[in-house]
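Next comes query_10.csv, a file with CSV, C-alpha atoms.
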chain,number,residue,atom,x,y,z
A,9,MET,CA,123.8,-21.3,90.9
A,10,PRO,CA,124.3,-24.3,88.6
A,11,LEU,CA,122.4,-24.7,85.4
A,12,SER,CA,120.8,-28.0,84.3
A,13,TYR,CA,118.6,-28.4,81.2
A,14,GLY,CA,118.4,-24.6,81.0
A,15,LEU,CA,117.2,-24.3,84.6
A,16,GLU,CA,118.8,-22.3,87.4
A,17,ILE,CA,118.8,-24.8,90.2
A,18,THR,CA,118.1,-23.8,93.7
A,19,GLY,CA,119.4,-26.5,96.0
A,20,SER,CA,118.1,-25.1,99.3
A,21,CYS,CA,114.4,-25.0,100.4
A,22,LEU,CA,115.3,-22.4,102.9
A,23,ARG,CA,116.6,-20.0,100.3
A,24,CYS,CA,114.0,-20.7,97.7
A,25,LYS,CA,112.1,-17.5,96.7
A,26,LEU,CA,109.3,-19.3,95.0
A,27,ARG,CA,107.9,-21.3,97.9
A,28,VAL,CA,105.6,-18.6,99.4
A,29,GLY,CA,101.9,-19.6,98.9
A,30,ARG,CA,102.6,-23.1,97.7
A,31,LEU,CA,100.7,-25.8,99.7
A,32,PHE,CA,103.6,-28.0,100.7
A,33,CYS,CA,106.5,-25.5,100.4
A,34,ASP,CA,105.3,-22.6,102.6
A,35,LEU,CA,106.1,-24.3,105.9
A,36,PRO,CA,107.4,-23.1,109.2
A,37,ARG,CA,111.2,-22.7,109.3
A,38,PRO,CA,111.9,-25.7,111.7
A,39,THR,CA,109.9,-28.0,109.3
A,40,LEU,CA,111.7,-26.6,106.3
A,41,GLU,CA,115.1,-27.2,108.0
A,42,THR,CA,114.2,-30.9,108.6
A,43,LEU,CA,112.8,-31.2,105.0
A,44,GLN,CA,116.1,-29.8,103.7
A,45,THR,CA,118.0,-32.8,105.2
A,46,LEU,CA,115.8,-35.3,103.4
A,47,GLY,CA,116.3,-36.5,99.8
A,48,PHE,CA,118.0,-34.5,97.1
A,49,THR,CA,117.5,-31.9,94.4
A,50,ALA,CA,117.3,-33.2,90.8
A,51,ALA,CA,116.6,-32.0,87.3
A,52,CYS,CA,115.0,-33.8,84.4
A,53,PRO,CA,114.5,-33.1,80.7
A,54,LYS,CA,111.3,-32.7,78.8
A,55,GLY,CA,109.6,-36.1,78.1
A,56,ASN,CA,111.1,-37.8,81.2
A,57,VAL,CA,108.7,-40.2,82.9
A,58,LEU,CA,108.9,-39.6,86.7
A,59,PHE,CA,106.3,-42.2,87.7
A,60,SER,CA,104.5,-44.9,85.8
A,61,GLN,CA,101.0,-46.2,86.5
A,62,GLY,CA,101.1,-49.5,88.3
A,63,GLN,CA,104.7,-49.2,89.7
A,64,SER,CA,105.2,-49.7,93.4
A,65,PRO,CA,105.8,-46.4,95.2
A,66,ARG,CA,109.4,-45.6,95.9
A,67,GLU,CA,109.5,-41.9,96.5
A,68,ILE,CA,107.6,-38.6,96.4
A,69,SER,CA,108.8,-35.6,94.4
A,70,VAL,CA,108.0,-32.0,95.1
A,71,LEU,CA,107.8,-30.1,91.8
A,72,CYS,CA,110.0,-27.0,92.2
A,73,LEU,CA,110.1,-25.7,88.6
A,74,GLY,CA,108.3,-26.8,85.4
A,75,HIS,CA,105.1,-28.5,84.5
A,76,VAL,CA,104.2,-32.2,84.3
A,77,LYS,CA,101.4,-34.2,82.6
A,78,VAL,CA,99.3,-36.5,84.8
A,79,SER,CA,97.7,-39.3,82.8
A,80,THR,CA,96.0,-42.7,83.3
A,81,ALA,CA,95.6,-45.6,80.8
A,82,SER,CA,93.3,-48.6,80.4
A,83,GLU,CA,94.4,-52.2,80.0
A,84,THR,CA,94.1,-51.6,76.2
A,85,SER,CA,96.6,-48.7,76.5
A,86,ARG,CA,94.0,-46.1,75.8
A,87,SER,CA,95.3,-43.0,77.6
A,88,VAL,CA,93.6,-40.0,79.2
A,89,CYS,CA,95.3,-36.8,80.3
A,90,LEU,CA,93.9,-35.9,83.7
A,91,GLY,CA,95.6,-32.6,83.9
A,92,ILE,CA,98.8,-30.6,84.4
A,93,ALA,CA,100.6,-30.4,87.7
A,94,GLU,CA,102.2,-27.0,88.5
A,95,PRO,CA,105.2,-26.0,90.6
A,96,GLY,CA,104.5,-26.8,94.3
A,97,ALA,CA,102.7,-30.1,93.6
A,98,VAL,CA,103.7,-33.1,95.6
A,99,LEU,CA,103.9,-36.0,93.1
A,100,GLY,CA,103.3,-39.6,94.2
A,101,LEU,CA,101.8,-38.6,97.5
A,102,SER,CA,98.7,-40.7,97.6
A,103,ALA,CA,100.5,-43.9,96.5
A,104,THR,CA,103.3,-43.4,99.0
A,105,ILE,CA,100.9,-42.9,101.9
A,106,SER,CA,98.7,-45.8,101.0
A,107,GLY,CA,101.5,-48.1,100.0
A,108,LYS,CA,99.5,-49.0,96.8
A,109,PRO,CA,100.9,-48.7,93.2
A,110,TYR,CA,101.0,-45.3,91.5
A,111,GLU,CA,97.5,-44.6,90.2
A,112,VAL,CA,98.8,-42.4,87.4
A,113,SER,CA,101.8,-41.8,85.1
A,114,ILE,CA,103.6,-38.5,85.3
A,115,GLU,CA,105.7,-37.1,82.5
A,116,ALA,CA,107.7,-33.8,82.3
A,117,LEU,CA,106.3,-31.4,79.7
A,118,GLU,CA,109.4,-29.3,79.9
A,119,PRO,CA,112.7,-29.3,81.9
A,120,CYS,CA,111.8,-29.7,85.6
A,121,GLN,CA,113.5,-29.3,89.0
A,122,LEU,CA,112.4,-31.7,91.7
A,123,LYS,CA,113.0,-32.4,95.4
A,124,VAL,CA,113.0,-36.2,95.6
A,125,ILE,CA,112.5,-37.9,98.9
A,126,ARG,CA,112.5,-41.7,99.5
A,127,GLY,CA,109.1,-42.9,100.6
A,128,ASP,CA,110.0,-44.4,104.0
A,129,ARG,CA,111.9,-41.3,105.0
A,130,PHE,CA,109.0,-39.1,104.0
A,131,LEU,CA,106.5,-41.1,106.0
A,132,ASN,CA,108.8,-41.0,109.1
A,133,PHE,CA,109.0,-37.2,108.6
A,134,LEU,CA,105.2,-36.9,108.7
A,135,ARG,CA,105.0,-39.0,111.9
A,136,ASN,CA,107.1,-36.4,113.7
A,137,ASP,CA,105.9,-33.1,112.2
A,138,ARG,CA,102.4,-31.8,112.6
A,139,ALA,CA,102.9,-28.9,110.2
A,140,ALA,CA,104.0,-31.2,107.5
A,141,CYS,CA,101.0,-33.5,108.1
A,142,LEU,CA,98.6,-30.6,107.8
A,143,ALA,CA,100.3,-29.5,104.5
A,144,VAL,CA,99.9,-33.1,103.2
A,145,LEU,CA,96.2,-33.1,104.1
A,146,LYS,CA,95.8,-29.8,102.2
A,147,CYS,CA,97.6,-31.3,99.2
A,148,LEU,CA,95.4,-34.5,99.2
A,149,SER,CA,92.3,-32.4,99.6
A,150,ASN,CA,93.4,-30.3,96.6
A,151,ASP,CA,94.0,-33.6,94.6
A,152,VAL,CA,90.4,-34.7,95.4
A,153,ARG,CA,89.0,-31.4,94.3
A,154,LYS,CA,90.9,-31.7,91.0
A,155,ALA,CA,89.7,-35.2,90.5
A,156,HIS,CA,86.1,-34.0,91.0
A,157,GLU,CA,86.7,-31.3,88.4
A,158,SER,CA,88.0,-33.9,85.9
A,159,VAL,CA,84.9,-36.0,86.5
A,160,ARG,CA,82.7,-33.0,86.1
A,161,LEU,CA,84.5,-32.0,82.9
A,162,PHE,CA,83.8,-35.4,81.2
A,163,GLY,CA,80.4,-36.1,82.7
A,164,LEU,CA,78.6,-32.7,82.5
A,165,SER,CA,80.1,-31.0,79.4
A,166,HIS,CA,77.9,-31.4,76.3
A,167,SER,CA,80.6,-30.7,73.7
A,168,VAL,CA,84.3,-30.7,73.1
A,169,THR,CA,84.2,-26.9,72.8
A,170,GLU,CA,82.6,-26.7,76.3
A,171,ARG,CA,85.2,-29.0,77.7
A,172,LEU,CA,88.0,-26.9,76.1
A,173,ALA,CA,86.5,-23.7,77.6
A,174,ASN,CA,86.5,-25.3,81.0
A,175,VAL,CA,90.1,-26.4,80.7
A,176,LEU,CA,91.3,-22.9,79.7
A,177,LEU,CA,89.3,-21.3,82.5
A,178,ARG,CA,91.0,-23.6,85.0
A,179,TRP,CA,94.4,-22.6,83.7
A,180,CYS,CA,93.7,-18.9,84.1
A,181,MET,CA,91.6,-19.1,87.3
A,182,ARG,CA,94.3,-17.5,89.5
A,183,ASP,CA,94.2,-14.3,87.3
A,184,ASP,CA,91.0,-12.4,88.1
A,185,GLN,CA,92.0,-9.3,86.2
A,186,GLN,CA,92.0,-9.3,82.4
A,187,PRO,CA,94.6,-6.9,80.9
A,188,LYS,CA,93.9,-5.0,77.7
A,189,ASN,CA,95.9,-7.5,75.6
A,190,GLY,CA,94.3,-10.6,77.2
A,191,ILE,CA,95.5,-13.2,79.6
A,192,ARG,CA,98.6,-15.0,78.3
A,193,LEU,CA,98.9,-18.7,79.3
A,194,ARG,CA,101.8,-21.1,78.7
A,195,PHE,CA,100.3,-23.9,76.6
A,196,PRO,CA,102.7,-26.9,77.0
A,197,LEU,CA,100.4,-29.5,75.6
A,198,THR,CA,100.5,-30.8,72.1
A,199,GLN,CA,97.2,-31.2,70.3
A,200,ARG,CA,97.4,-34.9,70.9
A,201,GLU,CA,97.8,-34.4,74.6
A,202,LEU,CA,95.0,-31.8,74.6
A,203,ALA,CA,92.8,-34.3,72.8
A,204,GLN,CA,93.5,-36.9,75.6
A,205,MET,CA,92.5,-34.3,78.2
A,206,LEU,CA,89.3,-33.5,76.3
A,207,GLY,CA,88.5,-37.2,75.7
A,208,THR,CA,88.4,-36.7,71.9
A,209,THR,CA,90.5,-37.0,68.7
A,210,ARG,CA,93.4,-34.8,67.8
A,211,GLY,CA,91.5,-33.5,64.8
A,212,THR,CA,88.4,-32.6,66.9
A,213,ALA,CA,90.6,-30.8,69.5
A,214,GLY,CA,92.3,-28.8,66.7
A,215,ARG,CA,88.9,-27.8,65.3
A,216,ALA,CA,87.7,-26.6,68.7
A,217,LEU,CA,90.8,-24.5,69.1
A,218,ARG,CA,90.4,-23.0,65.6
A,219,SER,CA,86.7,-22.3,66.4
A,220,LEU,CA,87.7,-20.2,69.4
A,221,GLU,CA,90.3,-18.4,67.4
A,222,ARG,CA,87.8,-17.5,64.7
A,223,LYS,CA,85.5,-16.1,67.3
A,224,ARG,CA,88.4,-14.0,68.6
A,225,ILE,CA,88.1,-15.6,72.1
A,226,ILE,CA,91.7,-16.9,72.1
A,227,GLN,CA,94.9,-16.6,70.1
A,228,CYS,CA,97.4,-19.4,69.8
A,229,HIS,CA,101.1,-18.6,69.4
A,230,GLY,CA,103.3,-21.7,69.6
A,231,SER,CA,103.6,-22.8,73.2
A,232,SER,CA,101.6,-19.8,74.5
A,233,LEU,CA,97.9,-19.0,74.3
A,234,ILE,CA,96.2,-15.6,74.8
A,235,ILE,CA,92.6,-15.4,76.2
A,236,GLN,CA,91.2,-12.4,74.5
A,237,ASP,CA,87.6,-12.6,75.8
A,238,LYS,CA,87.3,-14.4,79.2
A,239,HIS,CA,83.6,-13.5,79.5
A,240,ALA,CA,82.8,-15.3,76.2
A,241,LEU,CA,84.9,-18.3,77.4
A,242,ARG,CA,82.8,-18.5,80.6
A,243,LEU,CA,79.6,-18.4,78.6
A,244,LEU,CA,80.9,-21.4,76.6
A,245,SER,CA,81.8,-23.4,79.7
A,246,SER,CA,79.5,-25.5,81.7
A,247,THR,CA,80.0,-23.1,84.6
A,248,GLY,CA,79.0,-20.1,82.6

Write-out of the structure in structure tokens:
Amino acid sequence: MPLSYGLEITGSCLRCKLRVGRLFCDLPRPTLETLQTLGFTAACPKGNVLFSQGQSPREISVLCLGHVKVSTASETSRSVCLGIAEPGAVLGLSATISGKPYEVSIEALEPCQLKVIRGDRFLNFLRNDRAACLAVLKCLSNDVRKAHESVRLFGLSHSVTERLANVLLRWCMRDDQQPKNGIRLRFPLTQRELAQMLGTTRGTAGRALRSLERKRIIQCHGSSLIIQDKHALRLLSSTG
């Protein structure tokens, strides 16, 4: 299979081994066969801006590989990182369906593979496929849940450390068992991007990370992070 930006590109949705369990990818075979005929597979480098806030919707992109940052900005250019989208996410979905401008900006945090589908072709696809419509409803419902979590993070957390604990718990939520050496997470955000997600300054975000390290709750190793004490992290979070 061809390599692009270090990725091994899988051009066929039907042959993809990663789609099982993903909201929009784990579809019945007839639906997948139709989806395969739409759009094209693309790769992009780290730092590439896929969508910009305020642009008219042109397309949706299914994130096959990699992680992207989702952010929004005020009229004074103050930016807030709303979260990280993982493989399986459908990017630009709400704007494409509503016909309104993109509400957020999306930037690749690492090399990514995407399935890109023109907006009008995607909408026509939904009109004729019930399984795809149901998958889209699940994706939109998931987006609403994540938006609620973001509001809760900013509105109910009393400190930056509490917000940080919530963010880290969300990243490891799918792993209920803690191995002896801790839970290893990929940590693609810079301290500046983490500060945007926490609604604080870069220095304060750095101090919150170092505080958790001193307490031996986490360990930071470059682009990875190990959660050594998940129970302590829960106690620090607003959900603890």

Coordinates-based distance that separates atom CA of A:Cys52 from atom CA of A:Glu118 (Å, one decimal): 8.5 Å

A:Gly127, A:Pro196, A:Pro119, A:Gly62 ranked by distance to A:Leu101, top pick (using all atoms listed in the file): A:Gly127

For the interface of stretch 73-140 of chain A with stretch 33-47 of chain A (cut-off 9 Å, counting only C-alpha atoms), please tabulate each contacting residue of stretch 73-140 of chain A alongside its nearest pair of atoms and their separation in Å to one decimal, rows sorted by chain and increasing number, as CSV.
residue,atom,partner,partner_atom,distance
A:Gly96,CA,A:Cys33,CA,6.5
A:Lys123,CA,A:Gly47,CA,6.9
A:Val124,CA,A:Gly47,CA,5.3
A:Ile125,CA,A:Gly47,CA,4.1
A:Arg126,CA,A:Gly47,CA,6.4
A:Arg129,CA,A:Leu46,CA,7.3
A:Phe130,CA,A:Leu46,CA,7.8
A:Phe133,CA,A:Leu43,CA,8.0
A:Asp137,CA,A:Thr39,CA,7.1
A:Ala139,CA,A:Leu35,CA,7.1
A:Ala140,CA,A:Thr39,CA,6.9

Within-9 Å shell of (97.1, -33.4, 83.1) in input frame, all atoms listed in the file, as a ChimeraX atom specification: /A:76-79,88-93,114,201-202,205

Atom pair atom CA of A:Pro109 / atom CA of A:Gln199: separation (Å):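 Value for the atom CA of A:Pro109-atom CA of A:Gln199 distance: 29.1 Å.
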
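Residues in contact with A:Cys180 at 8 Å, where only C-alpha atoms are counted and same-chain residues fewer than 3 positions away are skipped, are listed as Leu176, Leu177, Asp183, Ile191 and Leu193 of chain A.
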
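Closest approach to A:Gly214 among A:Leu241, A:Ala155, A:Leu73, A:Leu172: A:Leu172, based on only C-alpha atoms.
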
Point-to-point distance in Å for atom CA of A:Ser102 and atom CA of A:Leu148: 7.2 Å

Distance query A:Ser60 at most 9 Å, only C-alpha atoms, self and fewer than 6 positions along chain excluded, as a list in words: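 Within the cut-off, the hits are Tyr110, Glu111, Val112, Ser113, Ile114 and Glu115 of chain A.
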
Near-A:Gly211 list (12 Å; only C-alpha atoms; drop same-chain fewer than 3 positions) as a VMD selection string: chain A and resid 168 198 to 204 206 to 208 214 to 218

A:Leu117, A:Cys147, A:Leu99, A:Cys141 ranked by distance to A:Ser231, top pick (using only C-alpha atoms): A:Leu117

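Comparing A:Val159, A:Ile105, A:Cys120, A:Ala240 by their smallest distance to A:Leu134, the closest is A:Ile105 (using only C-alpha atoms).
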
Polymer residues at most 8 Å from A:Arg192, all atoms listed in the file, same-chain spacing of 3 or more positions, as a VMD selection string: chain A and resid 232 to 235

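Considering only C-alpha atoms, the residue among A:Ala143, A:Ala116, A:Leu220, A:Ile225 positioned nearest to A:Leu197 is A:Ala116.
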
Residue contacts of A:Thr18 (12 Å, all atoms listed in the file) excluding same-chain residues fewer than 5 positions away, as number ranges by chain: A: 9-12, 23-27, 44, 48-51, 72-73, 120-123

Nearest to A:Gly55 by atom-to-atom distance, counting all atoms listed in the file, from A:Arg171, A:Arg210, A:His75, A:Lys146: A:His75
